[in-house]
Amino acid sequence: MNKKIKNKIKKLVTKSKVLFDEPMCRHTSIRIGGPADVFILIEDLDELKKIVIFSRKKKIPLFVLGGGTNLLVGDRGIRGIVLKLGRKFNWIRFKGTKVLAGASTPVQKLLKVVSEYSLSGLEFISGIPGNIGGAIVTNAGFPEKSIGDFISSVKLMTTTGKIITKERNALQFSYRFSSLKDKNLIILEVVLNNLTIRKKEDIKRRIAILLKKRRSAQPVSSPSAGCIFKNPRIASAGILIDFAGLKGLRIGNAQISTKHANFILNKGHAKFRDVIALIEKIKKRVYEVFRIKLEMEVERVGK
Ligand code: EPU
């Protein structure tokens, strides 16, 4: 990206933080990824709008980052602008049994505050990293229960800089899919419903059990991007990769977890290309053994 464009961007925003050639490994849970030409931590709605309009006019690619917890970024990084919503979008409000939250609110903070308020239903998101905006776009959760089940409406900015509210009936959610995916829409706020009033202690007990279960089944000691593949209808991807004998396989500093085979771990300065090589190996082997084509759950961006 040329200097003139970079200077123009710097002038457009004053409240938000602009970083040039920002290493994306600082913004992904797996700690992998080369530099983004421009990285903006948005702290103002008007500035967000200005950037969206500017990038459209100048045909500069825009990538909207959520929590970076389900993402693989190429070693050569991302061309164009990466946008991340900052602290200004990290808030929670209550309206009866409905919960309103800014898109950059961490999922675990939301769960904590909602349970303090004696509202039950979201316990299943215990231990899920990332923020609520990203969780909605990817419809995070269990195979049988997802965050989409609790969405009442979503406020977002379109690629033309318009702010709209989409009600539940205008949205589609299914296993690890939402109609908000891959459209470069910027989720600003969400309203959650379908929550029920329950004793705080009961909610907390349920959360503790689920966290314990997750910690015993999934690796937490090394950075990862969560589950790499979606579960095919027939069985958990983890079981298939495990039974194909691939647990512990290592390429460079990327390794298939020995605890849960659907996780690839960064054992120290691992490269995107190492992770991709492992992914290709897994796909090939699982197809050879089970004749099942695994589909990626994590998002890939850049080369
Ligand atoms: N298993 C193995 N070997 C392995 C991994 C798992 O035998 O290497 C077995 C387990 O023992 C268990 C079964 O497979 O009997 C299912 O494992 P688990 O309960 O961990 O669930 P999963 O189907 O592998 C899904 C989600 C997870 C979510 C858990 C909650 C997908 C792709 N994965 O995993 O989501 O945390 O349920 O139990 O839908 C994510 O999306 O990033 C993610 C981790």
# chains A, B, ... in the order shown; residues from 1 in each chain; ligands from 1
$ closest_atom_pairs --of "chain A" --to "ligand 1" --cutoff "7 Å" --atoms "only C-alpha atoms and all ligand atoms" --output "JSON lines"
{"residue": "A:Asn70", "atom": "CA", "partner": "ligand 1", "partner_atom_place_in_ligand_line": "42 (O)", "distance": 6.9}
{"residue": "A:Ala140", "atom": "CA", "partner": "ligand 1", "partner_atom_place_in_ligand_line": "41 (O)", "distance": 6.3}
{"residue": "A:Gly141", "atom": "CA", "partner": "ligand 1", "partner_atom_place_in_ligand_line": "35 (O)", "distance": 6.2}
{"residue": "A:Phe142", "atom": "CA", "partner": "ligand 1", "partner_atom_place_in_ligand_line": "37 (O)", "distance": 4.7}
{"residue": "A:Pro143", "atom": "CA", "partner": "ligand 1", "partner_atom_place_in_ligand_line": "39 (O)", "distance": 4.8}
{"residue": "A:Arg214", "atom": "CA", "partner": "ligand 1", "partner_atom_place_in_ligand_line": "38 (O)", "distance": 6.5}
{"residue": "A:Ala217", "atom": "CA", "partner": "ligand 1", "partner_atom_place_in_ligand_line": "20 (O)", "distance": 5.4}
{"residue": "A:Gln218", "atom": "CA", "partner": "ligand 1", "partner_atom_place_in_ligand_line": "20 (O)", "distance": 6.3}
{"residue": "A:Ala225", "atom": "CA", "partner": "ligand 1", "partner_atom_place_in_ligand_line": "42 (O)", "distance": 6.9}
{"residue": "A:Gly226", "atom": "CA", "partner": "ligand 1", "partner_atom_place_in_ligand_line": "42 (O)", "distance": 3.7}
{"residue": "A:Cys227", "atom": "CA", "partner": "ligand 1", "partner_atom_place_in_ligand_line": "42 (O)", "distance": 3.6}
{"residue": "A:Ile228", "atom": "CA", "partner": "ligand 1", "partner_atom_place_in_ligand_line": "42 (O)", "distance": 6.8}
{"residue": "A:Phe229", "atom": "CA", "partner": "ligand 1", "partner_atom_place_in_ligand_line": "32 (C)", "distance": 5.6}
{"residue": "A:Lys230", "atom": "CA", "partner": "ligand 1", "partner_atom_place_in_ligand_line": "32 (C)", "distance": 4.1}
{"residue": "A:Asn231", "atom": "CA", "partner": "ligand 1", "partner_atom_place_in_ligand_line": "32 (C)", "distance": 4.6}
{"residue": "A:Ser236", "atom": "CA", "partner": "ligand 1", "partner_atom_place_in_ligand_line": "23 (O)", "distance": 4.4}
{"residue": "A:Ala237", "atom": "CA", "partner": "ligand 1", "partner_atom_place_in_ligand_line": "24 (O)", "distance": 6.2}
{"residue": "A:Gly238", "atom": "CA", "partner": "ligand 1", "partner_atom_place_in_ligand_line": "5 (C)", "distance": 3.9}
{"residue": "A:Ile239", "atom": "CA", "partner": "ligand 1", "partner_atom_place_in_ligand_line": "2 (C)", "distance": 4.1}
{"residue": "A:Ile241", "atom": "CA", "partner": "ligand 1", "partner_atom_place_in_ligand_line": "8 (O)", "distance": 6.7}
{"residue": "A:Asp242", "atom": "CA", "partner": "ligand 1", "partner_atom_place_in_ligand_line": "8 (O)", "distance": 4.7}
{"residue": "A:Lys247", "atom": "CA", "partner": "ligand 1", "partner_atom_place_in_ligand_line": "8 (O)", "distance": 6.9}
{"residue": "A:Thr258", "atom": "CA", "partner": "ligand 1", "partner_atom_place_in_ligand_line": "8 (O)", "distance": 7.0}
{"residue": "A:Lys259", "atom": "CA", "partner": "ligand 1", "partner_atom_place_in_ligand_line": "8 (O)", "distance": 5.9}
{"residue": "A:His260", "atom": "CA", "partner": "ligand 1", "partner_atom_place_in_ligand_line": "8 (O)", "distance": 3.6}
{"residue": "A:Ala261", "atom": "CA", "partner": "ligand 1", "partner_atom_place_in_ligand_line": "8 (O)", "distance": 3.7}
{"residue": "A:Asn262", "atom": "CA", "partner": "ligand 1", "partner_atom_place_in_ligand_line": "8 (O)", "distance": 6.3}
{"residue": "A:Glu297", "atom": "CA", "partner": "ligand 1", "partner_atom_place_in_ligand_line": "32 (C)", "distance": 6.8}
$ residues_around --residues "Phe290 in chain A" --least-positions-apart "3" --cutoff "9 Å" --atoms "only C-alpha atoms" --output "ChimeraX atom specification"
/A:240,244,285-287,293
$ write_last_selection --atoms "C-alpha atoms" --output "compact mmCIF listing (two decimals), in the first residue's frame"
# COMPACT_ATOMS: atom_id res chain seq x y z
CA LEU A 240 -11.75 -39.61 12.84
CA ALA A 244 -6.57 -42.38 11.45
CA ARG A 285 -5.42 -39.55 5.43
CA VAL A 286 -9.00 -39.29 6.75
CA TYR A 287 -10.27 -39.66 3.19
CA LYS A 293 -14.02 -35.34 3.17
$ atom_distance --atom1 "CA of Gly74 in chain A" --atom2 "CA of Leu294 in chain A"
20.8 Å
$ atom_distance --atom1 "CA of Asn7 in chain A" --atom2 "CA of Arg79 in chain A"
16.3 Å
$ closest_residue --among "A:Phe272, A:Tyr117, A:Phe173, A:Phe150" --to "Lys199 in chain A" --atoms "only C-alpha atoms"
A:Tyr117
$ residues_around --residues "range 185-191 of chain A" --least-positions-apart "6" --cutoff "10 Å" --atoms "only C-alpha atoms" --output "PyMOL selection string"
chain A and resi 45+48+52+63-66+83-85+89-95+98-105+132-134+136-137+150-161+163-168
$ select_by_dssp --residues "range 17-217 of chain A" --states "alpha helix (DSSP H)" --output "JSON, numbers by chain"
{"A": [45, 46, 47, 48, 49, 50, 51, 52, 53, 54, 55, 56, 57, 107, 108, 109, 110, 111, 112, 113, 114, 115, 116, 132, 133, 134, 135, 136, 137, 200, 201, 202, 203, 204, 205, 206, 207, 208, 209, 210, 211, 212, 213, 214, 215, 216, 217]}
$ residues_around --residues "Phe124 in chain A" --least-positions-apart "6" --cutoff "9 Å" --atoms "only C-alpha atoms" --output "PDB file with all heavy atoms, in the first residue's frame"
ATOM      1  N   GLY A 141     -20.443 -22.712  19.190  1.00  0.00           N
ATOM      2  CA  GLY A 141     -21.136 -23.510  20.201  1.00  0.00           C
ATOM      3  C   GLY A 141     -20.831 -24.978  20.068  1.00  0.00           C
ATOM      4  O   GLY A 141     -19.762 -25.370  19.610  1.00  0.00           O
ATOM      5  N   PHE A 142     -21.779 -25.765  20.446  1.00  0.00           N
ATOM      6  CA  PHE A 142     -21.701 -27.214  20.342  1.00  0.00           C
ATOM      7  C   PHE A 142     -22.315 -27.596  18.995  1.00  0.00           C
ATOM      8  O   PHE A 142     -23.030 -26.795  18.408  1.00  0.00           O
ATOM      9  CB  PHE A 142     -22.621 -27.853  21.396  1.00  0.00           C
ATOM     10  CG  PHE A 142     -22.041 -27.920  22.761  1.00  0.00           C
ATOM     11  CD1 PHE A 142     -22.006 -26.795  23.563  1.00  0.00           C
ATOM     12  CD2 PHE A 142     -21.550 -29.113  23.256  1.00  0.00           C
ATOM     13  CE1 PHE A 142     -21.491 -26.860  24.836  1.00  0.00           C
ATOM     14  CE2 PHE A 142     -21.027 -29.184  24.528  1.00  0.00           C
ATOM     15  CZ  PHE A 142     -20.995 -28.061  25.330  1.00  0.00           C
ATOM     16  N   LYS A 145     -26.069 -27.202  19.923  1.00  0.00           N
ATOM     17  CA  LYS A 145     -26.583 -25.960  20.507  1.00  0.00           C
ATOM     18  C   LYS A 145     -25.634 -24.827  20.169  1.00  0.00           C
ATOM     19  O   LYS A 145     -24.430 -24.950  20.418  1.00  0.00           O
ATOM     20  CB  LYS A 145     -26.682 -26.110  22.027  1.00  0.00           C
ATOM     21  CG  LYS A 145     -27.592 -25.113  22.665  1.00  0.00           C
ATOM     22  CD  LYS A 145     -27.671 -25.396  24.139  1.00  0.00           C
ATOM     23  CE  LYS A 145     -28.903 -24.781  24.781  1.00  0.00           C
ATOM     24  NZ  LYS A 145     -28.919 -24.990  26.211  1.00  0.00           N
ATOM     25  N   SER A 146     -26.172 -23.756  19.586  1.00  0.00           N
ATOM     26  CA  SER A 146     -25.283 -22.675  19.156  1.00  0.00           C
ATOM     27  C   SER A 146     -25.835 -21.328  19.578  1.00  0.00           C
ATOM     28  O   SER A 146     -27.014 -21.179  19.903  1.00  0.00           O
ATOM     29  CB  SER A 146     -25.119 -22.701  17.638  1.00  0.00           C
ATOM     30  OG  SER A 146     -24.847 -23.999  17.205  1.00  0.00           O
ATOM     31  N   ILE A 147     -24.949 -20.328  19.536  1.00  0.00           N
ATOM     32  CA  ILE A 147     -25.294 -18.977  19.956  1.00  0.00           C
ATOM     33  C   ILE A 147     -26.461 -18.407  19.120  1.00  0.00           C
ATOM     34  O   ILE A 147     -27.278 -17.639  19.624  1.00  0.00           O
ATOM     35  CB  ILE A 147     -24.035 -18.063  19.926  1.00  0.00           C
ATOM     36  CG1 ILE A 147     -24.280 -16.741  20.641  1.00  0.00           C
ATOM     37  CG2 ILE A 147     -23.500 -17.821  18.537  1.00  0.00           C
ATOM     38  CD1 ILE A 147     -24.209 -16.818  22.121  1.00  0.00           C
ATOM     39  N   ARG A 206     -23.223 -25.185  36.920  1.00  0.00           N
ATOM     40  CA  ARG A 206     -23.279 -25.754  35.565  1.00  0.00           C
ATOM     41  C   ARG A 206     -22.058 -25.281  34.750  1.00  0.00           C
ATOM     42  O   ARG A 206     -21.434 -26.063  34.040  1.00  0.00           O
ATOM     43  CB  ARG A 206     -24.589 -25.299  34.906  1.00  0.00           C
ATOM     44  CG  ARG A 206     -24.762 -25.642  33.487  1.00  0.00           C
ATOM     45  CD  ARG A 206     -25.836 -26.719  33.284  1.00  0.00           C
ATOM     46  NE  ARG A 206     -25.838 -27.183  31.902  1.00  0.00           N
ATOM     47  CZ  ARG A 206     -25.220 -28.293  31.516  1.00  0.00           C
ATOM     48  NH1 ARG A 206     -24.613 -29.074  32.374  1.00  0.00           N
ATOM     49  NH2 ARG A 206     -25.231 -28.654  30.253  1.00  0.00           N
ATOM     50  N   ILE A 207     -21.707 -23.997  34.894  1.00  0.00           N
ATOM     51  CA  ILE A 207     -20.554 -23.443  34.168  1.00  0.00           C
ATOM     52  C   ILE A 207     -19.270 -24.153  34.610  1.00  0.00           C
ATOM     53  O   ILE A 207     -18.445 -24.541  33.778  1.00  0.00           O
ATOM     54  CB  ILE A 207     -20.448 -21.909  34.391  1.00  0.00           C
ATOM     55  CG1 ILE A 207     -21.597 -21.199  33.685  1.00  0.00           C
ATOM     56  CG2 ILE A 207     -19.100 -21.361  33.911  1.00  0.00           C
ATOM     57  CD1 ILE A 207     -21.686 -19.701  33.943  1.00  0.00           C
ATOM     58  N   LEU A 210     -19.045 -27.606  33.041  1.00  0.00           N
ATOM     59  CA  LEU A 210     -18.735 -27.547  31.612  1.00  0.00           C
ATOM     60  C   LEU A 210     -17.285 -27.146  31.357  1.00  0.00           C
ATOM     61  O   LEU A 210     -16.626 -27.687  30.465  1.00  0.00           O
ATOM     62  CB  LEU A 210     -19.684 -26.574  30.900  1.00  0.00           C
ATOM     63  CG  LEU A 210     -21.103 -27.100  30.720  1.00  0.00           C
ATOM     64  CD1 LEU A 210     -22.032 -26.003  30.246  1.00  0.00           C
ATOM     65  CD2 LEU A 210     -21.119 -28.264  29.721  1.00  0.00           C
TER      66      LEU A 210
END
$ residues_around --residues "Cys25 in chain A" --least-positions-apart "5" --cutoff "8 Å" --atoms "only C-alpha atoms" --output "PyMOL selection string"
chain A and resi 30-34+73
$ atom_distance --atom1 "CA of Gly268 in chain A" --atom2 "CA of Arg176 in chain A"
28.7 Å
$ residues_around --residues "Gly68 in chain A" --least-positions-apart "3" --cutoff "7 Å" --atoms "only C-alpha atoms" --output "count of residues only"
6
$ residues_around --residues "Gly86 in chain A" --least-positions-apart "3" --cutoff "6 Å" --atoms "only C-alpha atoms" --output "NGL selection string"
:A and (41-43 or 89)
$ closest_residue --among "A:Gly127, A:Thr196, A:Gln108, A:Thr97" --to "Arg215 in chain A" --atoms "only C-alpha atoms"
A:Gly127
